[in-house]
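Engineer: Before we start, here is the structure in question, set down as structure tokens.
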Amino acid sequence: MASTMSNTFMFCAAIMLSLVPSGSGNAEGDALIVQKDSLTDPTNVLSSWDPSLVNPCTWFHVTCNPQNQITRIDLGRSNLVGHLVPALRMLQSLESMSILGNRIDGNIPAEFGDLTNLRSLDLSENSISGIIPPTLGKLKSLFFLRLNNNRLTGPIPAEIATMTSLSLLDLSNNNLCGPVPPGLERIAVRNLVNNPRLGRPC
């Protein structure tokens, strides 16, 4: 009788476990796992990013506020290879993201414009290509933007010049073209050099 009850319990437990989602159960953690899965990590910098751990605030290179919302990601010079993912838009409390000095390619997701609490974004010294998304102009709290030393093309979006909090901008060493948007002179532009087509029609 006891054996039958034990078998029944184990069967029911197995069914319940099969119904548990395979992700972390945390939308922000799930977004970081999507990002991790898009990367090659030869030095295991992201080894603590474990989807079985519900709270991503325990992961290395991630900082959270007292409400357990992710506010900072610091993956600078981590030998990461891969691309950025739109899923990072789920990090609605994110204030700072640094992924400088890796081998990130692909485009800057337009969805980064939804990170309206972002104050600092550093994607410099990678191999990011494509255009600067005009949606970044929605980041009205952003004061630090470094996109230098990438492979960006196309014009500087006029929306960048409307970012009233932006005080440091570095777009040097890309392949940008077209005019510098009016109003950009009010920003402390760190550098625009080595964009040989800047000022010329795209």
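Within each chain, counting starts at residue 1; across the structure tokens, chains are named A, B, ... in the order shown, with ligands numbered 1 upward in that order.
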Once you count only C-alpha atoms, what closest atom pair and distance in Å to one decimal does each residue of region 59-104 of chain A within 12 Å of region 150-160 of chain A have, with rows by chain and rising residue number, as JSON lines?
Structural biologist:
{"residue": "A:Leu100", "atom": "CA", "partner": "A:Asn150", "partner_atom": "CA", "distance": 10.2}
{"residue": "A:Gly101", "atom": "CA", "partner": "A:Asn150", "partner_atom": "CA", "distance": 10.0}
{"residue": "A:Asn102", "atom": "CA", "partner": "A:Asn150", "partner_atom": "CA", "distance": 10.7}
{"residue": "A:Arg103", "atom": "CA", "partner": "A:Asn150", "partner_atom": "CA", "distance": 9.8}
{"residue": "A:Ile104", "atom": "CA", "partner": "A:Asn150", "partner_atom": "CA", "distance": 9.3}
Engineer: What's the 9 Å shell around Gln92 (chain A), counting only C-alpha atoms, without same-chain residues fewer than 2 positions away, as a PyMOL selection string?
Structural biologist: chain A and resi 28+69-71+88-90+94-95+114-118
Engineer: I want to know what sits within 9 Å of region 44-60 of chain A, based on only C-alpha atoms, with residues of the same chain fewer than 3 positions away left out; could you give that as a PDB file with C-alpha atoms, in the first residue's frame?
Structural biologist:
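As written to disk, around30.pdb reads:
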ATOM      1  CA  SER A  22      12.032  26.094 -18.505  1.00  0.00           C
ATOM      2  CA  GLY A  23      12.984  29.787 -18.169  1.00  0.00           C
ATOM      3  CA  SER A  24      13.856  31.635 -14.978  1.00  0.00           C
ATOM      4  CA  GLY A  25      10.309  32.795 -14.279  1.00  0.00           C
ATOM      5  CA  ASN A  26      11.627  36.376 -14.227  1.00  0.00           C
ATOM      6  CA  GLU A  28      14.370  40.393 -16.852  1.00  0.00           C
ATOM      7  CA  GLY A  29      16.283  37.189 -16.230  1.00  0.00           C
ATOM      8  CA  ASP A  30      14.711  35.604 -19.283  1.00  0.00           C
ATOM      9  CA  LEU A  32      19.426  38.173 -20.167  1.00  0.00           C
ATOM     10  CA  ILE A  33      19.336  34.459 -20.974  1.00  0.00           C
ATOM     11  CA  LYS A  36      23.548  35.018 -23.299  1.00  0.00           C
ATOM     12  CA  THR A  40      29.942  32.966 -27.582  1.00  0.00           C
ATOM     13  CA  ASP A  41      31.645  33.239 -24.202  1.00  0.00           C
ATOM     14  CA  THR A  63      23.500  45.189 -10.493  1.00  0.00           C
ATOM     15  CA  CYS A  64      19.985  45.599  -9.093  1.00  0.00           C
ATOM     16  CA  ASN A  65      18.082  48.135  -7.033  1.00  0.00           C
ATOM     17  CA  ASN A  68      15.358  43.496  -7.437  1.00  0.00           C
ATOM     18  CA  GLN A  69      15.134  45.298 -10.781  1.00  0.00           C
ATOM     19  CA  ILE A  70      18.231  45.287 -12.983  1.00  0.00           C
ATOM     20  CA  LEU A  75      30.357  43.340 -19.710  1.00  0.00           C
ATOM     21  CA  SER A  78      34.843  40.239 -21.725  1.00  0.00           C
ATOM     22  CA  ASN A  79      35.879  38.565 -25.013  1.00  0.00           C
ATOM     23  CA  LEU A  80      32.239  38.104 -25.992  1.00  0.00           C
TER      24      LEU A  80
END
Engineer: Please provide as a VMD selection string all residues within 9 Å of Asn191 (chain A), with the sequence filter that same-chain residues fewer than 5 positions apart are discarded (counting only C-alpha atoms).
Structural biologist: chain A and resid 148 169 to 173
Engineer: Write the selection just made, keeping C-alpha atoms, as a CSV table (one decimal), in the first residue's frame?
Structural biologist:
chain,number,residue,atom,x,y,z
A,148,ASN,CA,32.8,54.9,-31.4
A,169,LEU,CA,28.7,61.7,-27.5
A,170,ASP,CA,31.4,59.7,-29.2
A,171,LEU,CA,30.7,58.5,-32.8
A,172,SER,CA,34.3,58.5,-34.0
A,173,ASN,CA,35.8,55.8,-36.2
Engineer: As a ChimeraX atom specification, list the residues of region 13-157 of chain A assigned to strand (DSSP E or B) by DSSP on the backbone atoms of this structure.
Structural biologist: /A:39-40,62-64,70-74,81-83,96-98,103-105,120-122,129-130,144-146,151-155
Engineer: With N, CA and C atoms kept, could you save the residues just selected as a tab-separated table (two decimals), in the first residue's frame?
Structural biologist:
chain	number	residue	atom	x	y	z
A	39	LEU	N	25.41	34.77	-27.64
A	39	LEU	CA	26.82	35.09	-27.52
A	39	LEU	C	27.68	33.83	-27.41
A	40	THR	N	28.90	33.94	-27.88
A	40	THR	CA	29.94	32.97	-27.58
A	40	THR	C	30.80	33.55	-26.46
A	62	VAL	N	25.89	41.98	-13.08
A	62	VAL	CA	24.53	42.53	-13.04
A	62	VAL	C	24.34	43.23	-11.69
A	63	THR	N	23.79	44.44	-11.71
A	63	THR	CA	23.50	45.19	-10.49
A	63	THR	C	22.01	45.48	-10.45
A	64	CYS	N	21.43	45.37	-9.26
A	64	CYS	CA	19.99	45.60	-9.09
A	64	CYS	C	19.73	46.66	-8.03
A	70	ILE	N	16.88	45.11	-12.45
A	70	ILE	CA	18.23	45.29	-12.98
A	70	ILE	C	18.45	46.74	-13.39
A	71	THR	N	19.52	47.34	-12.85
A	71	THR	CA	19.84	48.73	-13.15
A	71	THR	C	21.16	48.89	-13.90
A	72	ARG	N	21.99	47.85	-13.89
A	72	ARG	CA	23.31	48.00	-14.51
A	72	ARG	C	23.78	46.66	-15.07
A	73	ILE	N	24.36	46.71	-16.27
A	73	ILE	CA	25.03	45.56	-16.87
A	73	ILE	C	26.42	46.02	-17.28
A	74	ASP	N	27.45	45.32	-16.82
A	74	ASP	CA	28.82	45.70	-17.14
A	74	ASP	C	29.56	44.49	-17.70
A	81	VAL	N	31.53	37.30	-28.15
A	81	VAL	CA	31.31	37.32	-29.59
A	81	VAL	C	29.82	37.08	-29.83
A	82	GLY	N	29.22	37.85	-30.73
A	82	GLY	CA	27.80	37.63	-31.03
A	82	GLY	C	27.10	38.95	-31.29
A	83	HIS	N	25.80	39.00	-31.04
A	83	HIS	CA	25.02	40.20	-31.36
A	83	HIS	C	24.10	40.56	-30.20
A	96	SER	N	22.36	51.79	-16.80
A	96	SER	CA	23.70	51.79	-17.39
A	96	SER	C	23.99	50.44	-18.03
A	97	MET	N	24.50	50.47	-19.26
A	97	MET	CA	24.91	49.24	-19.94
A	97	MET	C	26.23	49.51	-20.65
A	98	SER	N	27.23	48.70	-20.32
A	98	SER	CA	28.54	48.80	-20.94
A	98	SER	C	28.93	47.45	-21.52
A	103	ARG	N	33.60	41.65	-29.22
A	103	ARG	CA	33.50	41.40	-30.66
A	103	ARG	C	32.02	41.24	-31.04
A	104	ILE	N	31.24	42.23	-30.60
A	104	ILE	CA	29.82	42.25	-30.90
A	104	ILE	C	29.61	42.78	-32.31
A	105	ASP	N	28.80	42.06	-33.09
A	105	ASP	CA	28.49	42.51	-34.45
A	105	ASP	C	26.98	42.65	-34.60
A	120	SER	N	23.37	55.81	-19.33
A	120	SER	CA	24.69	55.61	-19.92
A	120	SER	C	24.67	54.36	-20.79
A	121	LEU	N	25.13	54.49	-22.04
A	121	LEU	CA	25.18	53.38	-22.98
A	121	LEU	C	26.53	53.40	-23.68
A	122	ASP	N	27.31	52.35	-23.47
A	122	ASP	CA	28.64	52.27	-24.07
A	122	ASP	C	28.75	50.97	-24.87
A	129	SER	N	27.38	47.08	-36.84
A	129	SER	CA	27.15	47.67	-38.16
A	129	SER	C	25.72	48.19	-38.26
A	130	GLY	N	25.35	48.63	-39.47
A	130	GLY	CA	24.01	49.18	-39.67
A	130	GLY	C	23.93	50.62	-39.21
A	144	PHE	N	25.20	59.87	-21.56
A	144	PHE	CA	26.50	59.33	-21.98
A	144	PHE	C	26.24	58.29	-23.05
A	145	LEU	N	26.73	58.56	-24.28
A	145	LEU	CA	26.52	57.64	-25.40
A	145	LEU	C	27.82	57.48	-26.17
A	146	ARG	N	28.37	56.28	-26.13
A	146	ARG	CA	29.60	55.98	-26.87
A	146	ARG	C	29.32	54.84	-27.85
A	151	ARG	N	31.33	49.83	-36.90
A	151	ARG	CA	31.20	49.86	-38.35
A	151	ARG	C	29.85	50.47	-38.74
A	152	LEU	N	29.42	51.44	-37.99
A	152	LEU	CA	28.12	52.05	-38.23
A	152	LEU	C	28.12	52.85	-39.53
A	153	THR	N	26.99	52.83	-40.22
A	153	THR	CA	26.84	53.54	-41.49
A	153	THR	C	25.58	54.40	-41.43
A	154	GLY	N	25.36	55.14	-42.52
A	154	GLY	CA	24.16	55.98	-42.58
A	154	GLY	C	24.35	57.29	-41.85
A	155	PRO	N	23.30	58.12	-41.82
A	155	PRO	CA	23.39	59.45	-41.21
A	155	PRO	C	23.25	59.40	-39.69
Engineer: Could you pull the residues within 7 Å of Ile187 (chain A), counting only C-alpha atoms, minus those fewer than 5 positions along the same chain, as a list in words?
Structural biologist: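 After dropping sequence-adjacent residues, the list is Leu166, Ser167 and Leu168 of chain A.
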Engineer: CA of Leu91 (chain A) and CA of Thr162 (chain A), how far apart in Å?
Structural biologist: 23.5 Å
Engineer: Could you give me the residues within region 72-159 of chain A that DSSP places in helix (DSSP H, G or I), as a PyMOL selection string?
Structural biologist: chain A and resi 86-90+110-114+134-138+158-159
Engineer: If you keep C-alpha atoms, can you produce a file of those selected residues as a compact mmCIF listing (two decimals), in the first residue's frame?
Structural biologist:
# COMPACT_ATOMS: atom_id res chain seq x y z
CA PRO A 86 15.78 43.10 -28.84
CA ALA A 87 14.73 41.19 -25.70
CA LEU A 88 16.85 43.56 -23.61
CA ARG A 89 13.97 46.02 -23.89
CA MET A 90 12.47 44.12 -20.92
CA ALA A 110 15.69 49.63 -32.40
CA GLU A 111 14.03 48.31 -29.22
CA PHE A 112 16.81 49.90 -27.16
CA GLY A 113 14.76 53.08 -27.51
CA ASP A 114 12.31 51.55 -25.02
CA PRO A 134 16.44 56.95 -34.58
CA THR A 135 14.55 55.35 -31.67
CA LEU A 136 17.54 56.15 -29.44
CA GLY A 137 16.20 59.69 -29.52
CA LYS A 138 13.51 58.53 -27.09
CA ALA A 158 18.23 64.11 -36.22
CA GLU A 159 16.57 62.67 -33.09
Engineer: Could you check which of A:Glu125, A:Val85, A:Ala161, A:Leu184 is closest to Asn149 (chain A), using only C-alpha atoms?
Structural biologist: A:Glu125
Engineer: As a list of chain:residue names, please: the residues near Gly178 (chain A) (cut-off 7 Å, only C-alpha atoms, same-chain neighbours under 2 positions excluded).
Structural biologist: A:Pro155, A:Val180, A:Leu198, A:Gly199, A:Arg200, A:Pro201, A:Cys202
Engineer: Could those selected residues go to a file with C-alpha atoms, as a PDB file, in the first residue's frame?
Structural biologist:
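What ended up in selection25.pdb:
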ATOM      1  CA  PRO A 155      23.394  59.451 -41.211  1.00  0.00           C
ATOM      2  CA  VAL A 180      25.643  66.725 -38.789  1.00  0.00           C
ATOM      3  CA  LEU A 198      30.399  62.590 -42.784  1.00  0.00           C
ATOM      4  CA  GLY A 199      29.216  65.824 -44.369  1.00  0.00           C
ATOM      5  CA  ARG A 200      28.745  64.128 -47.727  1.00  0.00           C
ATOM      6  CA  PRO A 201      25.466  62.758 -49.119  1.00  0.00           C
ATOM      7  CA  CYS A 202      24.709  59.196 -48.091  1.00  0.00           C
TER       8      CYS A 202
END
Engineer: State, in Å with one decimal place, the distance from CA of Asn195 (chain A) to CA of Lys140 (chain A).
Structural biologist: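 CA of Lys140 (chain A) lies at a distance of 25.7 Å from CA of Asn195 (chain A).
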